[in-house]
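To keep things clear, I will list the structure first and then write my remarks on it.
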Amino acid sequence: MENTTQEITQVVESKVKNAVKAVEEISIKTDEDLQNAATVLTNVKKLQKWLTGEKEKIVKPMREAMNAARAIFAPLEEQIDGAEKKLKSAMVTYQIKKEAEQKKKEESIAARVEKGQLKEETAVRKLEAMPEVKNNLQTETGATAFNKKKVVRVVDKEKVPEEFWVIDMVTLRASALTASKIQGKLGEVIPGVVVEEEMGVAATV
């Protein structure tokens with residue numbers, strides 16, 4: 001009989017707690033201490049691998065179920081999202097056209113007033129009589145609202161100040177390591193970029 005999630009969790013917590021305690025008690029001052037630390041390190045690595053295996057017992061069925069659900073719903077979600085975008089685009093296009101027409105009429109009335117072709121009182125009446133371009137629509141099924149927001153687009157990358165550029169660390173790291181290998185040295189291998197060595201330790205189990 002397979003262990004329950006709770007049982008697996010309890011065993012994992014106990015083992016991790018013991019491992020953390022063992023590490024906390026280590027003080028490396030002699031070669032013997034270092035040897036003991038190496039033993040604990042390999043045990044920690046083994047625990048990490050075991051921990052991953054125990055996690056998979058719980059996660060794998062969930063992941064498989066999630067993938068199955070996504071396979072069913074992804075194309076349907078894509079279709080309905082596409083329909084929403086298409087409808088919104090058509091509504092926005094119409095609304096922009098209506099606002100442009102209204103603005104043109106308002107400007108025409110204002111121009112006629114300035115030229116003396118229309119009295120101000122008449123102009124006010126004409127403006128008040130113009131149908132309102134509604135930004136909020138109430139329907140039997142819900143409400144729809146048009147809104148305007150500011151968006152930022154880069155139209156000329158060459159003009160963007162340097163302070164807004166982000167360094168591509170993945171590409172930079174690969175290039176710096178390659179340059180260091182070719183030049184056969186550490187230090188500054190690319191202007192403003194140095195390659196240094198750091199001591200590390202790895203355990204195999």
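Starting from 1 in every chain, residues are counted up; chains themselves are A, B, ... following the order of the structure tokens, and ligands are numbered from 1 as listed.
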
| said: Quick one: residues within 7 Å of A:Ala176, only C-alpha atoms, excluding same-chain residues fewer than 6 positions away - as a VMD selection string? | reply: chain A and resid 189 to 190 195

Let me see the file: selected residues, N, CA, C and O atoms, as a compact mmCIF listing (two decimals), in the first residue's frame.
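The new file part_19.txt reads:
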```txt
# COMPACT_ATOMS: atom_id res chain seq x y z
N VAL A 189 38.61 40.67 -19.10
CA VAL A 189 38.72 40.08 -20.43
C VAL A 189 37.81 40.78 -21.43
O VAL A 189 37.98 40.65 -22.64
N ILE A 190 36.83 41.49 -20.92
CA ILE A 190 35.94 42.34 -21.71
C ILE A 190 35.88 43.66 -20.95
O ILE A 190 35.82 43.64 -19.72
N VAL A 195 36.85 38.10 -15.06
CA VAL A 195 36.63 36.69 -14.76
C VAL A 195 37.52 36.35 -13.58
O VAL A 195 38.73 36.58 -13.61
```

| task | Taking the chain letters and numbering used in this document, name the residues of stretch 3-170 of chain A that DSSP puts in alpha helix (DSSP H), as an MDAnalysis selection string. | result | chainID A and resid 5:24 31:114 120:129 169:170

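DSSP on the backbone gives strand (DSSP E) for these parts of chain A: Asn136, Leu137, Gln138, Ala143, Thr144, Ala145, Gly187, Glu188, Val189, Ile190, Val193, Val194 and Val195 of chain A.
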
With N, CA and C atoms retained, write the just-selected residues as an mmCIF file, in the first residue's frame.
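Output below, filename selection-v8.cif:
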```cif
data_model
loop_
_atom_site.group_PDB
_atom_site.id
_atom_site.type_symbol
_atom_site.label_atom_id
_atom_site.label_comp_id
_atom_site.auth_asym_id
_atom_site.auth_seq_id
_atom_site.Cartn_x
_atom_site.Cartn_y
_atom_site.Cartn_z
ATOM 1 N N ASN A 136 -19.797 53.867 -21.295
ATOM 2 C CA ASN A 136 -20.269 52.775 -20.447
ATOM 3 C C ASN A 136 -21.566 52.223 -21.024
ATOM 4 N N LEU A 137 -21.586 50.936 -21.226
ATOM 5 C CA LEU A 137 -22.761 50.289 -21.797
ATOM 6 C C LEU A 137 -23.318 49.268 -20.804
ATOM 7 N N GLN A 138 -24.545 49.415 -20.480
ATOM 8 C CA GLN A 138 -25.217 48.492 -19.561
ATOM 9 C C GLN A 138 -26.103 47.563 -20.374
ATOM 10 N N ALA A 143 -22.028 44.665 -17.828
ATOM 11 C CA ALA A 143 -21.657 46.033 -18.175
ATOM 12 C C ALA A 143 -20.335 46.043 -18.930
ATOM 13 N N THR A 144 -20.210 46.996 -19.842
ATOM 14 C CA THR A 144 -18.983 47.165 -20.612
ATOM 15 C C THR A 144 -18.552 48.625 -20.530
ATOM 16 N N ALA A 145 -17.266 48.838 -20.335
ATOM 17 C CA ALA A 145 -16.765 50.211 -20.210
ATOM 18 C C ALA A 145 -15.537 50.407 -21.096
ATOM 19 N N GLY A 187 40.897 38.009 -14.850
ATOM 20 C CA GLY A 187 40.893 39.466 -14.818
ATOM 21 C C GLY A 187 39.945 40.044 -15.845
ATOM 22 N N GLU A 188 40.224 41.269 -16.278
ATOM 23 C CA GLU A 188 39.327 41.966 -17.203
ATOM 24 C C GLU A 188 39.538 41.448 -18.624
ATOM 25 N N VAL A 189 38.611 40.666 -19.095
ATOM 26 C CA VAL A 189 38.715 40.076 -20.430
ATOM 27 C C VAL A 189 37.811 40.776 -21.431
ATOM 28 N N ILE A 190 36.828 41.490 -20.919
ATOM 29 C CA ILE A 190 35.941 42.344 -21.713
ATOM 30 C C ILE A 190 35.878 43.659 -20.948
ATOM 31 N N VAL A 193 34.369 43.989 -17.497
ATOM 32 C CA VAL A 193 33.969 42.646 -17.059
ATOM 33 C C VAL A 193 35.210 41.829 -16.708
ATOM 34 N N VAL A 194 35.234 41.261 -15.500
ATOM 35 C CA VAL A 194 36.369 40.448 -15.077
ATOM 36 C C VAL A 194 35.926 39.008 -14.849
ATOM 37 N N VAL A 195 36.849 38.100 -15.065
ATOM 38 C CA VAL A 195 36.631 36.689 -14.761
ATOM 39 C C VAL A 195 37.518 36.346 -13.576
#
```

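Put simply, atom CA of A:Thr178 is 15.6 Å away from atom CA of A:Gly192.
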
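Atom pair atom CA of A:Gln48 / atom CA of A:Pro61 has a distance of 20.6 Å (rounded to one decimal).
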
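Ranking A:Lys15, A:Lys97, A:Lys86, A:Lys134 by their shortest atom-to-atom distance to A:Phe146, with only C-alpha atoms included, puts A:Lys134 first.
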